[in-house]
Amino acid sequence: FKFPLKRAPNTTVCLWYSVICLQGRVSKLVLEDFNLHGSFPTSLLSLSDLRVLSLKHNSFSGPLPTNLSSLSSLKLLFLSFNNFSGQFPASVTSLFRLYRLDLSHNNFSGVIPPEVSRLTHLLTLRLEQNGFSGSISGLNLPHIQDFNVSNNKLGGQIPRSLSGFPKSAFSGNQALCGPPLLQCKGVSGDPTRPGNGSVASPLGSSPTTDVVSSSPSTVPSKILPTAAKKSGARMSLWAIIAIIVGDILVLAL
């Protein structure tokens, strides 16, 4: 797939269906359900005035270009329902004008970089049905309205800023925990308490086990009666000896 990049007066590209131009430059390109194959068309990277790009429901494959910074005017990016693979495109985090980002239903893997939080205007982030792993605790998207990371391989605690989304936005990640999913275990806010720094994981229904404390002030109380018995036994022995000695003295006199 190749896209013509000449200005509108020299080509009929702006007359194409799903193409919108602004002052002779392509500003919107929607190529959905065209059964397009191959890798991401790098010719699109020259569309510096592109604001909307949608390639949904095609058969594109392979990784995205490592550098998307030339699409600095992009506000809406929809690449869902393809076969894209590889890491999360780091250069996406430099597209500061993005409002909607949808990479769902692909074969992406690796971590979701916390630099996504740089996209302060982001309203939509759809990453479901991929192979993303790692944690999302570093995400902070104050204006997010549409969020979904379900059916990946994510783990750790869900950040409080995202806990207001429904369970369906996080389901299918077995190691993910915290509201609205199961409560996390193995996390402590006090660095002096045992278990601090351990990785958060869902708190299941398995039976709890007793943990022996390393603190000397928590000696089990059951030991105390035993010690008392030993002390009492020693007192009784000395009392018997004293009685015997007393009897001998009495007889001697």
# chains A, B, ... in the order shown; residues from 1 in each chain; ligands from 1
$ select_by_dssp --residues "segment 2-190 of chain A" --states "helix (DSSP H, G or I)" --output "MDAnalysis selection string"
chainID A and resid 8:10 13:15 42:46 90:94 114:118 160:162 167:169
$ residues_around --residues "Leu22 of chain A" --least-positions-apart "5" --cutoff "12 Å" --atoms "only C-alpha atoms" --output "ChimeraX atom specification"
/A:7-8,14,27-29,47-51
$ residues_around --residues "Leu98 of chain A" --least-positions-apart "4" --cutoff "6 Å" --atoms "only C-alpha atoms" --output "ChimeraX atom specification"
/A:75-76,122
$ write_last_selection --atoms "N, CA and C atoms" --output "PDB file, in the first residue's frame"
ATOM      1  N   LYS A  75      -4.084  13.967  16.174  1.00  0.00           N
ATOM      2  CA  LYS A  75      -4.947  14.045  17.345  1.00  0.00           C
ATOM      3  C   LYS A  75      -5.690  12.739  17.608  1.00  0.00           C
ATOM      4  N   LEU A  76      -5.999  12.015  16.536  1.00  0.00           N
ATOM      5  CA  LEU A  76      -6.716  10.745  16.659  1.00  0.00           C
ATOM      6  C   LEU A  76      -5.955   9.679  15.903  1.00  0.00           C
ATOM      7  N   LEU A 122      -4.776  13.239  26.582  1.00  0.00           N
ATOM      8  CA  LEU A 122      -5.334  11.951  26.183  1.00  0.00           C
ATOM      9  C   LEU A 122      -6.679  11.694  26.860  1.00  0.00           C
TER      10      LEU A 122
END
$ residues_around --residues "Asn140 of chain A" --least-positions-apart "4" --cutoff "8 Å" --atoms "only C-alpha atoms" --output "VMD selection string"
chain A and resid 117 159 161
$ atom_distance --atom1 "atom CA of Ser39 of chain A" --atom2 "atom CA of Phe96 of chain A"
24.6 Å
$ residues_around --residues "segment 31-38 of chain A" --least-positions-apart "3" --cutoff "7 Å" --atoms "only C-alpha atoms" --output "JSON, numbers by chain"
{"A": [18, 54, 55, 56, 57, 58, 59, 60, 61]}
$ write_last_selection --atoms "N, CA, C and O atoms" --output "short mmCIF file (atom, residue, chain, number, x, y, z; two decimals), in the first residue's frame"
data_model
loop_
_atom_site.label_atom_id
_atom_site.label_comp_id
_atom_site.auth_asym_id
_atom_site.auth_seq_id
_atom_site.Cartn_x
_atom_site.Cartn_y
_atom_site.Cartn_z
N SER A 18 -12.97 8.89 2.00
CA SER A 18 -12.30 8.77 3.30
C SER A 18 -11.06 9.65 3.42
O SER A 18 -10.27 9.47 4.35
N SER A 54 -6.91 6.56 10.74
CA SER A 54 -7.58 5.33 11.16
C SER A 54 -7.33 4.24 10.13
O SER A 54 -7.68 4.38 8.96
N LEU A 55 -6.71 3.15 10.60
CA LEU A 55 -6.46 1.98 9.76
C LEU A 55 -7.14 0.75 10.36
O LEU A 55 -6.68 -0.38 10.18
N LYS A 56 -8.21 0.95 11.06
CA LYS A 56 -8.89 -0.13 11.77
C LYS A 56 -9.41 -1.21 10.81
O LYS A 56 -9.73 -0.94 9.66
N HIS A 57 -9.47 -2.43 11.36
CA HIS A 57 -10.09 -3.57 10.66
C HIS A 57 -9.44 -3.82 9.30
O HIS A 57 -10.10 -3.87 8.27
N ASN A 58 -8.12 -3.96 9.32
CA ASN A 58 -7.38 -4.38 8.14
C ASN A 58 -6.49 -5.56 8.53
O ASN A 58 -6.72 -6.20 9.57
N SER A 59 -5.48 -5.83 7.74
CA SER A 59 -4.57 -6.95 8.03
C SER A 59 -3.12 -6.48 8.02
O SER A 59 -2.23 -7.23 7.62
N PHE A 60 -2.88 -5.26 8.44
CA PHE A 60 -1.50 -4.78 8.56
C PHE A 60 -0.76 -5.61 9.62
O PHE A 60 -1.35 -6.05 10.61
N SER A 61 0.53 -5.79 9.42
CA SER A 61 1.33 -6.60 10.34
C SER A 61 2.71 -5.96 10.53
O SER A 61 3.06 -4.99 9.86
#
$ closest_residue --among "A:Asp146, A:Asn151, A:Arg25, A:Leu53" --to "Gly164 of chain A" --atoms "only C-alpha atoms"
A:Asp146
$ atom_distance --atom1 "atom CA of Pro65 of chain A" --atom2 "atom CA of Phe108 of chain A"
13.1 Å
$ atom_distance --atom1 "atom CA of Val13 of chain A" --atom2 "atom CA of Ser46 of chain A"
14.6 Å
$ closest_residue --among "A:Gly62, A:Gly86, A:Pro179, A:Pro142" --to "Arg160 of chain A" --atoms "only C-alpha atoms"
A:Pro179
$ closest_residue --among "A:Pro41, A:Val26, A:Ser109, A:Leu64" --to "Pro89 of chain A" --atoms "only C-alpha atoms"
A:Leu64
$ closest_residue --among "A:Ala169, A:Leu139, A:Ala175, A:Val30" --to "Tyr17 of chain A" --atoms "only C-alpha atoms"
A:Val30
$ select_by_dssp --residues "segment 9-128 of chain A" --states "strand (DSSP E)" --output "PyMOL selection string"
chain A and resi 19-22+25-30+37-38+52-54+59-62+76-78+83-87+100-102+107-111+124-126
$ closest_residue --among "A:Gln23, A:Gln157, A:Ser137, A:Ser171" --to "Gln183 of chain A" --atoms "only C-alpha atoms"
A:Gln157
